[in-house]
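What follows is the content of start12.cif, which has mmCIF, C-alpha atoms:
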```
data_final
loop_
_atom_site.label_atom_id
_atom_site.label_comp_id
_atom_site.auth_asym_id
_atom_site.auth_seq_id
_atom_site.Cartn_x
_atom_site.Cartn_y
_atom_site.Cartn_z
CA MET O 122 18.04 -23.29 -15.98
CA SER O 123 15.96 -21.04 -13.73
CA HIS O 124 12.54 -19.89 -14.85
CA PRO O 125 11.95 -16.30 -16.00
CA ILE O 126 10.94 -13.87 -13.28
CA ARG O 127 7.16 -13.46 -13.28
CA ILE O 128 5.77 -10.14 -12.05
CA LEU O 129 2.11 -9.19 -11.61
CA VAL O 130 1.15 -5.49 -11.73
CA ALA O 131 -2.18 -4.71 -10.05
CA ASP O 132 -3.55 -1.17 -10.39
CA ASP O 133 -6.94 0.18 -11.44
CA HIS O 134 -5.42 2.97 -13.56
CA GLY O 135 -4.38 1.72 -16.99
CA ILE O 136 -1.83 4.47 -17.56
CA VAL O 137 -0.12 3.64 -14.25
CA ARG O 138 0.07 -0.05 -15.14
CA MET O 139 1.40 0.72 -18.60
CA GLY O 140 4.03 3.15 -17.32
CA LEU O 141 5.25 0.86 -14.56
CA MET O 142 5.38 -2.15 -16.87
CA GLN O 143 7.43 -0.20 -19.41
CA VAL O 144 9.94 0.72 -16.71
CA ILE O 145 10.12 -2.87 -15.46
CA LYS O 146 10.68 -4.13 -19.01
CA GLN O 147 13.60 -1.72 -19.34
CA LEU O 148 15.06 -2.84 -16.03
CA ARG O 149 14.25 -6.55 -16.34
CA PRO O 150 13.95 -7.35 -20.09
CA SER O 151 13.52 -11.09 -19.49
CA ALA O 152 10.74 -10.72 -16.93
CA GLU O 153 7.28 -12.02 -17.79
CA LEU O 154 4.65 -9.42 -16.88
CA SER O 155 0.92 -9.74 -16.26
CA GLU O 156 -1.59 -7.09 -15.20
CA VAL O 157 -4.95 -6.81 -13.42
CA GLU O 158 -7.16 -3.85 -12.55
CA ASP O 159 -8.96 -4.84 -9.35
CA PHE O 160 -8.69 -7.10 -6.31
CA LYS O 161 -11.15 -9.66 -7.71
CA SER O 162 -8.96 -10.11 -10.79
CA PHE O 163 -5.90 -10.29 -8.55
CA GLN O 164 -7.40 -13.19 -6.61
CA SER O 165 -8.48 -14.91 -9.82
CA ILE O 166 -5.08 -14.80 -11.52
CA ILE O 167 -3.03 -15.92 -8.52
CA SER O 168 -5.40 -18.85 -8.16
CA LYS O 169 -4.31 -20.02 -11.62
CA GLU O 170 -0.78 -18.74 -12.18
CA ASN O 171 2.38 -18.51 -10.08
CA PHE O 172 4.32 -15.27 -9.68
CA ASP O 173 7.55 -14.22 -7.97
CA LEU O 174 6.37 -10.68 -7.20
CA ALA O 175 3.08 -8.78 -7.15
CA ILE O 176 3.17 -4.98 -7.26
CA VAL O 177 -0.18 -3.93 -5.83
CA ASP O 178 -2.00 -0.62 -5.48
CA VAL O 179 -3.83 -0.11 -2.19
CA ASN O 180 -7.00 1.50 -3.53
CA MET O 181 -8.59 -0.78 -6.13
CA PRO O 182 -12.23 -1.87 -6.61
CA ASN O 183 -13.79 -5.12 -5.44
CA GLY O 184 -11.83 -5.72 -2.26
CA THR O 185 -9.12 -4.47 0.06
CA LEU O 186 -5.37 -4.90 0.38
CA GLN O 187 -5.87 -6.89 3.58
CA GLN O 188 -8.15 -9.35 1.77
CA ALA O 189 -5.63 -9.67 -1.05
CA ILE O 190 -2.82 -10.44 1.39
CA GLU O 191 -4.89 -13.01 3.27
CA PHE O 192 -5.92 -14.65 -0.02
CA LYS O 193 -2.36 -14.88 -1.34
CA LYS O 194 -1.25 -16.49 1.94
CA ILE O 195 -3.60 -19.35 1.11
CA LYS O 196 -2.98 -19.61 -2.63
CA GLN O 197 0.66 -18.54 -2.96
CA PRO O 198 2.35 -18.14 0.44
CA ASP O 199 5.76 -17.52 -1.17
CA LEU O 200 4.48 -14.69 -3.39
CA LYS O 201 6.02 -11.36 -2.36
CA ILE O 202 3.82 -8.25 -2.34
CA LEU O 203 5.22 -4.79 -2.98
CA VAL O 204 2.65 -2.10 -2.21
CA PHE O 205 2.72 0.60 -4.91
CA SER O 206 0.92 3.70 -3.67
CA SER O 207 0.81 7.49 -3.83
CA GLN O 208 0.27 7.59 -0.06
CA ASP O 209 2.97 9.03 2.19
CA GLU O 210 5.37 6.17 2.85
CA ASN O 211 6.41 7.60 6.21
CA VAL O 212 2.80 7.26 7.38
CA TYR O 213 1.70 4.05 5.72
CA ALA O 214 4.70 1.84 4.86
CA LEU O 215 5.15 0.31 8.30
CA ARG O 216 1.43 -0.32 8.69
CA TYR O 217 1.24 -2.21 5.40
CA LEU O 218 4.29 -4.27 6.38
CA GLN O 219 2.57 -5.13 9.65
CA MET O 220 -0.50 -6.08 7.59
CA GLY O 221 1.56 -8.66 5.73
CA ALA O 222 2.98 -6.85 2.70
CA ASP O 223 6.70 -7.29 2.00
CA GLY O 224 7.55 -3.80 0.80
CA PHE O 225 6.33 -0.31 0.00
CA LEU O 226 7.16 1.86 -3.02
CA ASN O 227 5.80 5.34 -3.65
CA LYS O 228 4.34 6.02 -7.11
CA LEU O 229 6.54 9.12 -7.40
CA SER O 230 9.70 7.01 -7.14
CA SER O 231 12.43 7.43 -9.73
CA LYS O 232 13.51 4.71 -12.14
CA GLU O 233 16.55 4.14 -9.92
CA GLN O 234 14.35 3.68 -6.84
CA ILE O 235 12.09 1.26 -8.74
CA ASN O 236 15.17 -0.74 -9.73
CA GLU O 237 16.37 -0.76 -6.13
CA ALA O 238 12.95 -1.96 -4.95
CA LEU O 239 12.80 -4.71 -7.58
CA THR O 240 16.29 -5.94 -6.74
CA SER O 241 15.58 -5.98 -3.01
CA MET O 242 12.19 -7.68 -3.38
CA LEU O 243 13.45 -10.36 -5.76
CA HIS O 244 16.64 -11.15 -3.85
CA LYS O 245 15.80 -10.37 -0.22
CA GLY O 246 12.00 -10.55 -0.31
CA ARG O 247 11.63 -7.17 1.39
CA TYR O 248 11.95 -3.45 0.64
CA ILE O 249 11.53 -0.12 2.39
CA SER O 250 13.29 3.10 1.46
CA GLU O 251 16.12 4.64 3.45
CA ASP O 252 13.81 7.53 4.39
CA VAL O 253 11.36 5.13 6.01
CA LYS O 254 14.17 3.34 7.84
CA GLU O 255 15.41 6.67 9.21
CA THR O 256 11.89 7.69 10.24
CA MET O 257 11.36 4.38 12.04
CA ILE O 258 14.65 4.78 13.94
CA SER O 259 13.96 8.43 14.76
CA ASN O 260 10.43 7.73 16.00
CA SER O 261 11.69 4.84 18.10
CA LEU O 262 14.41 6.92 19.73
CA GLN O 263 12.25 9.98 20.32
CA GLY O 264 9.11 8.18 21.45
CA ASN O 265 7.18 10.51 19.15
CA GLU O 266 3.72 11.25 20.59
CA GLU O 267 2.11 11.70 17.18
CA VAL O 268 3.45 8.31 16.09
CA SER O 269 1.88 6.75 19.17
CA LEU O 270 -1.47 8.36 18.37
CA ILE O 271 -1.43 7.19 14.77
CA GLY O 272 -0.37 3.75 15.93
CA SER O 273 -3.55 3.52 18.01
CA LEU O 274 -5.66 3.44 14.84
CA SER O 275 -6.77 0.14 13.36
CA ASP O 276 -5.89 -0.69 9.74
CA ARG O 277 -9.37 0.34 8.58
CA GLU O 278 -9.30 3.53 10.65
CA LEU O 279 -5.93 4.50 9.22
CA GLU O 280 -7.18 3.79 5.70
CA ILE O 281 -10.22 6.03 6.21
CA ALA O 282 -8.15 8.71 7.97
CA GLY O 283 -5.85 8.89 4.95
CA LYS O 284 -8.75 9.36 2.56
CA LEU O 285 -10.36 12.04 4.72
CA ALA O 286 -7.03 13.84 4.97
CA GLU O 287 -6.82 13.80 1.17
CA GLY O 288 -10.06 15.81 1.11
CA LEU O 289 -12.52 13.05 0.16
CA SER O 290 -16.10 13.44 1.38
CA LEU O 291 -17.82 10.79 3.49
CA LYS O 292 -19.78 9.78 0.39
CA ASP O 293 -16.61 9.43 -1.69
CA VAL O 294 -14.96 7.31 1.00
CA SER O 295 -18.04 5.10 1.35
CA ASN O 296 -18.14 4.57 -2.43
CA GLN O 297 -14.44 3.72 -2.68
CA LEU O 298 -14.44 1.32 0.26
CA HIS O 299 -17.93 -0.10 -0.35
CA LEU O 300 -19.10 0.93 3.11
CA HIS O 301 -22.37 2.56 4.17
CA SER O 302 -21.98 6.31 4.70
CA SER O 303 -23.16 5.97 8.30
CA THR O 304 -20.38 3.41 8.89
CA VAL O 305 -17.78 5.82 7.52
CA SER O 306 -19.22 8.55 9.74
CA THR O 307 -18.85 6.27 12.76
CA TYR O 308 -15.23 5.56 11.82
CA LYS O 309 -14.59 9.28 11.41
CA ASN O 310 -15.92 10.03 14.91
CA ARG O 311 -13.85 7.19 16.35
CA ILE O 312 -10.71 8.47 14.60
CA PHE O 313 -11.26 12.03 15.87
CA THR O 314 -11.76 10.72 19.40
CA LYS O 315 -8.62 8.58 19.37
CA LEU O 316 -6.49 11.40 17.93
CA ASN O 317 -8.12 14.08 20.09
CA ILE O 318 -8.90 16.31 17.11
CA ARG O 319 -12.02 18.09 15.86
CA SER O 320 -11.50 18.68 12.14
CA VAL O 321 -10.15 17.17 8.95
CA VAL O 322 -7.63 20.03 8.82
CA GLU O 323 -6.19 18.86 12.15
CA LEU O 324 -6.19 15.29 10.86
CA ALA O 325 -4.25 16.25 7.73
CA ALA O 326 -1.76 18.22 9.85
CA LEU O 327 -1.26 15.26 12.19
CA LEU O 328 -0.60 12.84 9.34
CA ASP O 329 1.73 15.39 7.78
CA VAL O 330 4.00 15.10 10.85
CA TYR O 331 5.58 12.07 9.19
CA SER O 332 6.39 13.69 5.86
#
```
Mind converting the file's structure to structure tokens?
Amino acid sequence: MSHPIRILVADDHGIVRMGLMQVIKQLRPSAELSEVEDFKSFQSIISKENFDLAIVDVNMPNGTLQQAIEFKKIKQPDLKILVFSSQDENVYALRYLQMGADGFLNKLSSKEQINEALTSMLHKGRYISEDVKETMISNSLQGNEEVSLIGSLSDRELEIAGKLAEGLSLKDVSNQLHLHSSTVSTYKNRIFTKLNIRSVVELAALLDVYS
């Protein structure tokens, strides 16, 4: 007899964890669910317990998604990671897959989309929405210039670009990512140079090309 499916939900917002876990319980009544609220707790629990799937928010305290992925490769290489984020999937999904995640699901997804993602992750070990697949094909065929520009950013640069485009100040970004404000300022200048832009408004418009 196979063991019950074990799913870990990692998000720093309690109401998000509670809501997602309720939906998963409806969709997978026999699943065993656990929850954590930051990257440090994520690393701690996967060091002690085995899971089939981890649904992980990108922006949590005490670490980064990249660190979480690298850590799980050491502790539980077979553990599948589904990124659960409010970020635009057409901008970020592919980058997180390249980083080592196995799927991307937007927090605004319907119950049906969550079920589709769970089924795909648990049976195929991978998930991206049809919209992202179409965007990837379209960008590939068209040789989209904006896509090329965004692709020139490093993972950290893209992370910071996204937060700046959301309207966060340099101080807010430095607090969230545990970086010195001068470091964030340096990243901002580097991002503007690579994308050939001069304002956050232009940055937001460029990222919006994907949506």
Query raised in the report: Evaluating the PyMOL selection byres ((chain O and resi 159-173) around 7) on the displayed file yields which residues, as a ChimeraX atom specification?
Result: /O:126-129,131-133,157-158,174,181-185,189,192,196,200-201
For those residues, write C-alpha atoms to a file as a short mmCIF file (atom, residue, chain, number, x, y, z; two decimals), keeping the file's coordinate frame.
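Once written, selection03.cif looks like this:
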```
data_model
loop_
_atom_site.label_atom_id
_atom_site.label_comp_id
_atom_site.auth_asym_id
_atom_site.auth_seq_id
_atom_site.Cartn_x
_atom_site.Cartn_y
_atom_site.Cartn_z
CA ILE O 126 10.94 -13.87 -13.28
CA ARG O 127 7.16 -13.46 -13.28
CA ILE O 128 5.77 -10.14 -12.05
CA LEU O 129 2.11 -9.19 -11.61
CA ALA O 131 -2.18 -4.71 -10.05
CA ASP O 132 -3.55 -1.17 -10.39
CA ASP O 133 -6.94 0.18 -11.44
CA VAL O 157 -4.95 -6.81 -13.42
CA GLU O 158 -7.16 -3.85 -12.55
CA LEU O 174 6.37 -10.68 -7.20
CA MET O 181 -8.59 -0.78 -6.13
CA PRO O 182 -12.23 -1.87 -6.61
CA ASN O 183 -13.79 -5.12 -5.44
CA GLY O 184 -11.83 -5.72 -2.26
CA THR O 185 -9.12 -4.47 0.06
CA ALA O 189 -5.63 -9.67 -1.05
CA PHE O 192 -5.92 -14.65 -0.02
CA LYS O 196 -2.98 -19.61 -2.63
CA LEU O 200 4.48 -14.69 -3.39
CA LYS O 201 6.02 -11.36 -2.36
#
```
**Report entry** Residues in the PyMOL selection byres ((chain O and resi 234) around 12), expressed as a VMD selection string
**Finding:** chain O and resid 144 to 145 148 225 to 233 235 to 241 248 to 252
**Report entry** Selection: 8 Å around Ile281 (chain O), all atoms listed in the file, excl. self and same-chain fewer than 5 positions, as an MDAnalysis selection string
**Finding:** chainID O and resid 294 305 308:309
Query raised in the report: Of the residues O:Arg247, O:His134, O:Lys315, O:Arg149, which is the one nearest to Ser206 (chain O), using only C-alpha atoms?
Result: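 With only C-alpha atoms as the atom set, the closest residue is O:His134.
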Report task. Could you jot down the CA of Ala175 (chain O) to CA of Met139 (chain O) separation for me, Å, one decimal place? Result ->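 Value for the CA of Ala175 (chain O)-CA of Met139 (chain O) distance: 15.0 Å.
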Report task. Kindly extract all protein, DNA and RNA residues lying within 12 Å of the coordinates (-4.5, -1.4, 9.0) given in the file, considering only C-alpha atoms, and supply them as an MDAnalysis selection string. Result -> chainID O and resid 179 185:188 190 212:222 271:283
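Going from CA of Gly135 (chain O) to CA of Gln208 (chain O) covers 18.5 Å.
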Report task. For the structure shown, which residues end up in the PyMOL selection byres ((chain O and resi 287) around 12)? Put them as a ChimeraX atom specification, please? Result -> /O:207-209,280-286,288-291,293-294,321-322,324-326,328-329
If you keep C-alpha atoms, can you produce a file of those selected residues as a short mmCIF file (atom, residue, chain, number, x, y, z; two decimals), in the coordinates of the input?
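Written file, selection-v5.cif:
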```
data_model
loop_
_atom_site.label_atom_id
_atom_site.label_comp_id
_atom_site.auth_asym_id
_atom_site.auth_seq_id
_atom_site.Cartn_x
_atom_site.Cartn_y
_atom_site.Cartn_z
CA SER O 207 0.81 7.49 -3.83
CA GLN O 208 0.27 7.59 -0.06
CA ASP O 209 2.97 9.03 2.19
CA GLU O 280 -7.18 3.79 5.70
CA ILE O 281 -10.22 6.03 6.21
CA ALA O 282 -8.15 8.71 7.97
CA GLY O 283 -5.85 8.89 4.95
CA LYS O 284 -8.75 9.36 2.56
CA LEU O 285 -10.36 12.04 4.72
CA ALA O 286 -7.03 13.84 4.97
CA GLY O 288 -10.06 15.81 1.11
CA LEU O 289 -12.52 13.05 0.16
CA SER O 290 -16.10 13.44 1.38
CA LEU O 291 -17.82 10.79 3.49
CA ASP O 293 -16.61 9.43 -1.69
CA VAL O 294 -14.96 7.31 1.00
CA VAL O 321 -10.15 17.17 8.95
CA VAL O 322 -7.63 20.03 8.82
CA LEU O 324 -6.19 15.29 10.86
CA ALA O 325 -4.25 16.25 7.73
CA ALA O 326 -1.76 18.22 9.85
CA LEU O 328 -0.60 12.84 9.34
CA ASP O 329 1.73 15.39 7.78
#
```
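Shortest separation to Thr307 (chain O) among O:Glu191, O:Glu156, O:Lys245, O:Ser295 occurs at residue O:Ser295, atoms counted being only C-alpha atoms.
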Query raised in the report: Quick one, how far is CA of Pro198 (chain O) from CA of Leu300 (chain O)?
Result: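 Computed distance, CA of Pro198 (chain O) to CA of Leu300 (chain O), equals 28.8 Å.
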Query raised in the report: Restricting the calculation to all atoms listed in the file, which member of O:Arg138, O:Leu243, O:Lys193, O:Ile312 is positioned closest to Pro125 (chain O)?
Result: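 Between O:Arg138, O:Leu243, O:Lys193, O:Ile312, the residue approaching Pro125 (chain O) most closely is O:Leu243.
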Which centre and which edge lengths, in Å to one decimal, describe the axis-aligned box that holds all listed atoms of region 178-182 of chain O after 8 Å is added on each side, as lines of an AutoDock Vina configuration file?
```
center_x = -7.1
center_y = -0.2
center_z = -4.4
size_x = 26.2
size_y = 19.4
size_z = 20.4
```
Please fill the gaps in region 145-171 of chain O so it has N, CA and C atoms, and write that as a compact mmCIF listing (two decimals), keeping the file's coordinate frame.
```txt
# COMPACT_ATOMS: atom_id res chain seq x y z
N ILE O 145 9.65 -1.54 -15.86
CA ILE O 145 10.12 -2.87 -15.46
C ILE O 145 10.74 -3.60 -16.64
N LYS O 146 10.14 -3.48 -17.82
CA LYS O 146 10.68 -4.13 -19.01
C LYS O 146 12.07 -3.61 -19.36
N GLN O 147 12.29 -2.30 -19.11
CA GLN O 147 13.60 -1.72 -19.34
C GLN O 147 14.62 -2.25 -18.34
N LEU O 148 14.17 -2.40 -17.11
CA LEU O 148 15.06 -2.84 -16.03
C LEU O 148 15.25 -4.35 -16.00
N ARG O 149 14.21 -5.09 -16.36
CA ARG O 149 14.25 -6.55 -16.34
C ARG O 149 13.68 -7.08 -17.66
N PRO O 150 14.45 -6.99 -18.75
CA PRO O 150 13.95 -7.35 -20.09
C PRO O 150 13.41 -8.78 -20.19
N SER O 151 13.94 -9.69 -19.39
CA SER O 151 13.52 -11.09 -19.49
C SER O 151 12.31 -11.42 -18.62
N ALA O 152 11.86 -10.46 -17.83
CA ALA O 152 10.74 -10.72 -16.93
C ALA O 152 9.44 -10.91 -17.71
N GLU O 153 8.61 -11.81 -17.21
CA GLU O 153 7.28 -12.02 -17.79
C GLU O 153 6.27 -11.23 -16.95
N LEU O 154 5.56 -10.32 -17.59
CA LEU O 154 4.65 -9.42 -16.88
C LEU O 154 3.19 -9.73 -17.16
N SER O 155 2.37 -9.63 -16.13
CA SER O 155 0.92 -9.74 -16.26
C SER O 155 0.31 -8.55 -15.53
N GLU O 156 -0.95 -8.24 -15.83
CA GLU O 156 -1.59 -7.09 -15.20
C GLU O 156 -3.05 -7.37 -14.88
N VAL O 157 -3.54 -6.75 -13.80
CA VAL O 157 -4.95 -6.81 -13.42
C VAL O 157 -5.36 -5.43 -12.92
N GLU O 158 -6.69 -5.19 -12.89
CA GLU O 158 -7.16 -3.85 -12.55
C GLU O 158 -8.00 -3.77 -11.28
N ASP O 159 -8.23 -4.89 -10.62
CA ASP O 159 -8.96 -4.84 -9.35
C ASP O 159 -8.59 -6.05 -8.49
N PHE O 160 -9.06 -6.03 -7.25
CA PHE O 160 -8.69 -7.10 -6.31
C PHE O 160 -9.31 -8.45 -6.70
N LYS O 161 -10.51 -8.42 -7.29
CA LYS O 161 -11.15 -9.66 -7.71
C LYS O 161 -10.32 -10.35 -8.78
N SER O 162 -9.82 -9.57 -9.73
CA SER O 162 -8.96 -10.11 -10.79
C SER O 162 -7.63 -10.59 -10.23
N PHE O 163 -7.14 -9.89 -9.21
CA PHE O 163 -5.90 -10.29 -8.55
C PHE O 163 -6.06 -11.68 -7.95
N GLN O 164 -7.16 -11.88 -7.23
CA GLN O 164 -7.40 -13.19 -6.61
C GLN O 164 -7.57 -14.28 -7.66
N SER O 165 -8.24 -13.93 -8.75
CA SER O 165 -8.48 -14.91 -9.82
C SER O 165 -7.18 -15.37 -10.47
N ILE O 166 -6.29 -14.43 -10.78
CA ILE O 166 -5.08 -14.80 -11.52
C ILE O 166 -4.08 -15.55 -10.65
N ILE O 167 -3.99 -15.19 -9.35
CA ILE O 167 -3.03 -15.92 -8.52
C ILE O 167 -3.57 -17.28 -8.10
N SER O 168 -4.84 -17.52 -8.39
CA SER O 168 -5.40 -18.85 -8.16
C SER O 168 -4.99 -19.81 -9.28
N LYS O 169 -4.61 -19.21 -10.44
CA LYS O 169 -4.31 -20.02 -11.62
C LYS O 169 -2.84 -20.01 -12.01
N GLU O 170 -2.16 -18.90 -11.72
CA GLU O 170 -0.78 -18.74 -12.18
C GLU O 170 0.14 -18.38 -11.01
N ASN O 171 1.40 -18.80 -11.11
CA ASN O 171 2.38 -18.51 -10.08
C ASN O 171 3.23 -17.30 -10.46
```
